[in-house]
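I have placed the structure first, in the form of C-alpha cells, so that the comments after it can refer back to it.
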Amino acid sequence: MTIKPINTGWIEVICGSMFSGKTEELIRRLRRAKIAKMSVSIYKPIIDSRYSDGHIVSHNQSEMESHSVSNSKDILNFSKNYQVIGIDEAQFFDDGLVKVCKKLADSGKRVIIAGLDMDYLGNGFGPMPRLIKIANQTTKLHATCDMCGGKACHTYRKSTDDNKILLGEKDNYLALCKKCFKKNMKKDV
C-alpha cells in the first residue's frame with residue numbers, strides 16, 4: 001500500500017527484470033488512483049509499439065489507455081491537468097526523464113514509473129538508476145527464473161544482437177536468477 005502525504009508530490013519507481021510484473025503493478029496503482037477519483041494520465045516511449053500504440057499492455061494482456069511520446073519533455077506538456085502521472089518502459093526514455101519527474105513531483109503530482117532497472121548485460125538501464133535514487137518509494141519485483149525456478153532479477157538476451165535496445169518477448173529474452181545469469185553470461189564470452 002502506498003501512503004502519500006496530502007498536497008505533496010511523490011515519485012514511485014517499480015523496477016525489475018522482464019516478466020516480473022512491472023506494467024501489471026503500474027496498471028494496478030493507476031486503477032486505484034482512478035477509483036480514488038484522481039485524474040490520471042499515462043505515457044510510454046514511442047519506440048514501444050509491441051502490443052498497442054495507444055495503450056500500455058502487460059504480458060498477461062491487462063491494459064490502460066496511454067499516450068506515446070517521443071521524448072520526456074512531452075510528458076510535461078501533456079500532463080498539466082492531471083494529478084497522477086504513469087510512465088511505462090522508462091528505461092527507453094532520454095536522461096531528461098529524471099528532471100521531468102522531479103518537476104512533476106515538485107508541482108504536487110504523484111508520479112509512478114515502471115521500467116527495467118538493468119539491461120541484458122546487468123548494467124543500469126537508461127535513466128532508471130537515477131530515478132531509483134530520487135524515488136520516494138521503490139518496489140523491486142522479481143520474475144521466476146526460466147532455468148531453475150528461483151527468484152529472477154536479471155533479463156538475459158538469447159540472441160546475439162548487441163544493440164542496447166532490442167524489443168522482444170520470450171523469443172529474445174529469459175528471466176534468470178543471479179546464478180543462472182552468471183553461468184549463461186560466461187558461455188557467451
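Quick note on naming: the chains in the C-alpha cells go A, B, ... in the order shown, residues restart at 1 in each chain, and ligands are numbered from 1 in order of appearance.
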
Close residues, stretch 118-126 of chain A itself excluded, 6 Å, only C-alpha atoms, min 4 positions apart in chain, as a list in words: Gln91, Thr155, Tyr156 and Arg157 of chain A

With C-alpha atoms retained, export the selected residues as a PDB file, in the first residue's frame.
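Ended up saving to part00.pdb:
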```pdb
ATOM      1  CA  GLN A  91      14.394   2.733 -19.455  1.00  0.00           C
ATOM      2  CA  THR A 155      16.987 -10.196 -18.083  1.00  0.00           C
ATOM      3  CA  TYR A 156      19.079 -12.483 -20.306  1.00  0.00           C
ATOM      4  CA  ARG A 157      19.126 -11.907 -24.067  1.00  0.00           C
TER       5      ARG A 157
END
```

10 Å contact set for A:Arg110, only C-alpha atoms, chain neighbours under 4 positions out, as a ChimeraX atom specification: /A:4,7-12,33,40,82-86,101,104-106

Straight-line distance linking atom CA of A:Ser72 with atom CA of A:Gln137, stated in Å to one decimal: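 Taking atom CA of A:Ser72 as the start and atom CA of A:Gln137 as the end point, the length is 20.8 Å.
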
Which residue is closest to A:Lys102? Choose from A:Cys145, A:Ala114, A:Ile134, A:Ile47 and count only C-alpha atoms.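 Residue with the minimum atom-to-atom distance to A:Lys102: A:Ile134.
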
All residues 12 Å or closer to A:Phe181, only C-alpha atoms, same chain fewer than 2 positions away omitted, as an NGL selection string: :A and (17 or 120-122 or 145-148 or 150-158 or 173-179 or 183-188)

Can you work out which one of A:Asp88, A:Ser107, A:Asn81, A:Asn136 has the shortest atom-to-atom distance to A:Leu30, counting only C-alpha atoms?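 Between A:Asp88, A:Ser107, A:Asn81, A:Asn136, the residue approaching A:Leu30 most closely is A:Asp88.
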
Polymer residues at most 9 Å from A:Ser70, only C-alpha atoms, same-chain spacing of 5 or more positions, as a PyMOL selection string: chain A and resi 44-47+93

Given only C-alpha atoms as the basis, pick out the residue of A:Ile87, A:Leu116, A:Ile42, A:Leu76 nearest to A:Met18.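 The answer is A:Leu116, which sits nearest to A:Met18.
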
Point-to-point distance from atom CA of A:Lys99 to atom CA of A:Asn71, Å rounded to tenths: 12.3 Å

Among listed residues A:Tyr43, A:Ile27, A:Gly96, A:Asn172, nearest A:Ser79 (using only C-alpha atoms):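 Smallest separation from A:Ser79 among the options: A:Tyr43.
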
Extract the full set of helix (DSSP H, G or I) residues from stretch 34-153 of chain A according to DSSP on the backbone, and format it as a ChimeraX atom specification. /A:34-35,73-78,90-92,97-106,128-134

Hey, can you spit out that residue selection with N, CA, C and O atoms as a short mmCIF file (atom, residue, chain, number, x, y, z; two decimals), in the first residue's frame?
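See again32.cif below for the written result:
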```cif
data_model
loop_
_atom_site.label_atom_id
_atom_site.label_comp_id
_atom_site.auth_asym_id
_atom_site.auth_seq_id
_atom_site.Cartn_x
_atom_site.Cartn_y
_atom_site.Cartn_z
N LYS A 34 -7.60 6.00 -9.97
CA LYS A 34 -8.87 6.35 -10.62
C LYS A 34 -10.06 6.07 -9.71
O LYS A 34 -11.01 6.85 -9.66
N ILE A 35 -10.00 4.96 -8.98
CA ILE A 35 -11.07 4.64 -8.03
C ILE A 35 -11.18 5.75 -6.97
O ILE A 35 -12.26 6.10 -6.54
N LYS A 73 10.24 15.46 -22.37
CA LYS A 73 9.64 16.79 -22.21
C LYS A 73 8.17 16.81 -22.63
O LYS A 73 7.40 17.62 -22.11
N ASP A 74 7.80 15.93 -23.55
CA ASP A 74 6.40 15.86 -23.97
C ASP A 74 5.49 15.52 -22.78
O ASP A 74 4.34 15.95 -22.74
N ILE A 75 6.00 14.76 -21.84
CA ILE A 75 5.20 14.38 -20.67
C ILE A 75 4.81 15.62 -19.88
O ILE A 75 3.66 15.75 -19.45
N LEU A 76 5.75 16.54 -19.70
CA LEU A 76 5.44 17.79 -19.00
C LEU A 76 4.33 18.55 -19.70
O LEU A 76 3.40 19.05 -19.07
N ASN A 77 4.41 18.65 -21.02
CA ASN A 77 3.44 19.41 -21.79
C ASN A 77 2.04 18.82 -21.72
O ASN A 77 1.05 19.55 -21.68
N PHE A 78 1.93 17.49 -21.71
CA PHE A 78 0.63 16.83 -21.78
C PHE A 78 0.00 16.54 -20.42
O PHE A 78 -1.16 16.16 -20.35
N ALA A 90 10.24 3.10 -18.77
CA ALA A 90 11.05 4.30 -18.53
C ALA A 90 12.49 4.15 -19.00
O ALA A 90 13.13 5.15 -19.35
N GLN A 91 13.00 2.94 -19.04
CA GLN A 91 14.39 2.73 -19.46
C GLN A 91 14.64 3.20 -20.89
O GLN A 91 15.77 3.50 -21.26
N PHE A 92 13.59 3.29 -21.70
CA PHE A 92 13.75 3.71 -23.09
C PHE A 92 13.71 5.23 -23.28
O PHE A 92 13.94 5.72 -24.38
N LEU A 97 14.29 12.50 -18.45
CA LEU A 97 13.14 11.99 -17.69
C LEU A 97 13.30 12.26 -16.20
O LEU A 97 12.32 12.52 -15.50
N VAL A 98 14.52 12.23 -15.69
CA VAL A 98 14.75 12.47 -14.26
C VAL A 98 14.30 13.88 -13.90
O VAL A 98 13.55 14.08 -12.93
N LYS A 99 14.71 14.85 -14.68
CA LYS A 99 14.33 16.25 -14.43
C LYS A 99 12.82 16.43 -14.58
O LYS A 99 12.19 17.14 -13.79
N VAL A 100 12.23 15.78 -15.57
CA VAL A 100 10.79 15.87 -15.79
C VAL A 100 10.04 15.32 -14.57
O VAL A 100 9.10 15.95 -14.09
N CYS A 101 10.46 14.17 -14.07
CA CYS A 101 9.79 13.58 -12.91
C CYS A 101 9.93 14.46 -11.68
O CYS A 101 8.98 14.61 -10.89
N LYS A 102 11.10 15.06 -11.49
CA LYS A 102 11.29 15.99 -10.37
C LYS A 102 10.34 17.18 -10.49
O LYS A 102 9.71 17.58 -9.50
N LYS A 103 10.23 17.75 -11.68
CA LYS A 103 9.34 18.90 -11.89
C LYS A 103 7.89 18.52 -11.62
O LYS A 103 7.15 19.28 -11.00
N LEU A 104 7.49 17.35 -12.09
CA LEU A 104 6.11 16.90 -11.86
C LEU A 104 5.85 16.74 -10.36
O LEU A 104 4.82 17.20 -9.85
N ALA A 105 6.76 16.10 -9.66
CA ALA A 105 6.59 15.91 -8.21
C ALA A 105 6.62 17.25 -7.48
O ALA A 105 5.82 17.48 -6.57
N ASP A 106 7.51 18.14 -7.90
CA ASP A 106 7.59 19.47 -7.27
C ASP A 106 6.30 20.27 -7.46
O ASP A 106 6.00 21.14 -6.66
N MET A 128 16.92 4.83 -15.43
CA MET A 128 16.37 4.11 -14.27
C MET A 128 17.23 4.20 -13.01
O MET A 128 16.68 4.45 -11.93
N PRO A 129 18.55 4.03 -13.06
CA PRO A 129 19.32 4.15 -11.81
C PRO A 129 19.15 5.52 -11.14
O PRO A 129 19.03 5.59 -9.91
N ARG A 130 19.10 6.57 -11.91
CA ARG A 130 18.93 7.92 -11.35
C ARG A 130 17.51 8.11 -10.81
O ARG A 130 17.30 8.79 -9.81
N LEU A 131 16.52 7.51 -11.48
CA LEU A 131 15.15 7.59 -10.99
C LEU A 131 15.00 6.86 -9.66
O LEU A 131 14.32 7.33 -8.75
N ILE A 132 15.65 5.72 -9.54
CA ILE A 132 15.61 4.95 -8.30
C ILE A 132 16.20 5.79 -7.16
O ILE A 132 15.68 5.79 -6.04
N LYS A 133 17.26 6.53 -7.45
CA LYS A 133 17.91 7.35 -6.43
C LYS A 133 17.01 8.47 -5.90
O LYS A 133 17.07 8.81 -4.72
N ILE A 134 16.17 9.05 -6.76
CA ILE A 134 15.34 10.17 -6.32
C ILE A 134 13.94 9.75 -5.88
O ILE A 134 13.16 10.58 -5.41
#
```

Show which residues sit within 8 Å of A:Leu141, as a PDB file with N, CA, C and O atoms, in the first residue's frame. Count only C-alpha atoms, and ignore same-chain residues fewer than 6 positions away.
```
ATOM      1  N   ILE A  14       8.795   1.408  -9.938  1.00  0.00           N
ATOM      2  CA  ILE A  14       8.575  -0.040  -9.966  1.00  0.00           C
ATOM      3  C   ILE A  14       9.613  -0.587 -10.944  1.00  0.00           C
ATOM      4  O   ILE A  14       9.627  -0.206 -12.113  1.00  0.00           O
ATOM      5  N   CYS A  15      10.505  -1.449 -10.466  1.00  0.00           N
ATOM      6  CA  CYS A  15      11.569  -1.948 -11.337  1.00  0.00           C
ATOM      7  C   CYS A  15      11.732  -3.450 -11.178  1.00  0.00           C
ATOM      8  O   CYS A  15      11.154  -4.059 -10.282  1.00  0.00           O
ATOM      9  N   GLY A  16      12.535  -4.022 -12.047  1.00  0.00           N
ATOM     10  CA  GLY A  16      12.819  -5.445 -12.015  1.00  0.00           C
ATOM     11  C   GLY A  16      13.162  -5.937 -13.403  1.00  0.00           C
ATOM     12  O   GLY A  16      13.302  -5.143 -14.343  1.00  0.00           O
ATOM     13  N   SER A  17      13.289  -7.236 -13.534  1.00  0.00           N
ATOM     14  CA  SER A  17      13.619  -7.857 -14.824  1.00  0.00           C
ATOM     15  C   SER A  17      12.381  -7.943 -15.699  1.00  0.00           C
ATOM     16  O   SER A  17      11.267  -7.633 -15.260  1.00  0.00           O
ATOM     17  N   SER A  20       8.526  -9.660 -14.738  1.00  0.00           N
ATOM     18  CA  SER A  20       8.369  -9.601 -13.282  1.00  0.00           C
ATOM     19  C   SER A  20       7.063  -8.932 -12.858  1.00  0.00           C
ATOM     20  O   SER A  20       6.754  -8.897 -11.670  1.00  0.00           O
ATOM     21  N   GLY A  21       6.299  -8.374 -13.793  1.00  0.00           N
ATOM     22  CA  GLY A  21       5.011  -7.775 -13.457  1.00  0.00           C
ATOM     23  C   GLY A  21       5.040  -6.278 -13.242  1.00  0.00           C
ATOM     24  O   GLY A  21       4.144  -5.730 -12.593  1.00  0.00           O
ATOM     25  N   LYS A  22       6.041  -5.597 -13.791  1.00  0.00           N
ATOM     26  CA  LYS A  22       6.167  -4.143 -13.596  1.00  0.00           C
ATOM     27  C   LYS A  22       4.974  -3.390 -14.164  1.00  0.00           C
ATOM     28  O   LYS A  22       4.383  -2.553 -13.481  1.00  0.00           O
ATOM     29  N   CYS A 153      16.098 -11.943 -11.189  1.00  0.00           N
ATOM     30  CA  CYS A 153      16.300 -10.496 -11.116  1.00  0.00           C
ATOM     31  C   CYS A 153      17.021  -9.968 -12.354  1.00  0.00           C
ATOM     32  O   CYS A 153      17.252  -8.774 -12.475  1.00  0.00           O
TER      33      CYS A 153
END
```

Among stretch 29-118 of chain A, which residues carry a DSSP assignment of strand (DSSP E), reported as a list in words?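 So, restricting stretch 29-118 of chain A to strand (DSSP E), we get Val40, Ser41, Ile42, Tyr43, Lys44, Pro45, His55, Ile56, Val57, Glu63, Met64, Glu65, His67, Ser68, Val69, Val84, Ile85, Gly86, Ile87, Arg110, Val111, Ile112, Ile113, Ala114, Gly115 and Leu116 of chain A.
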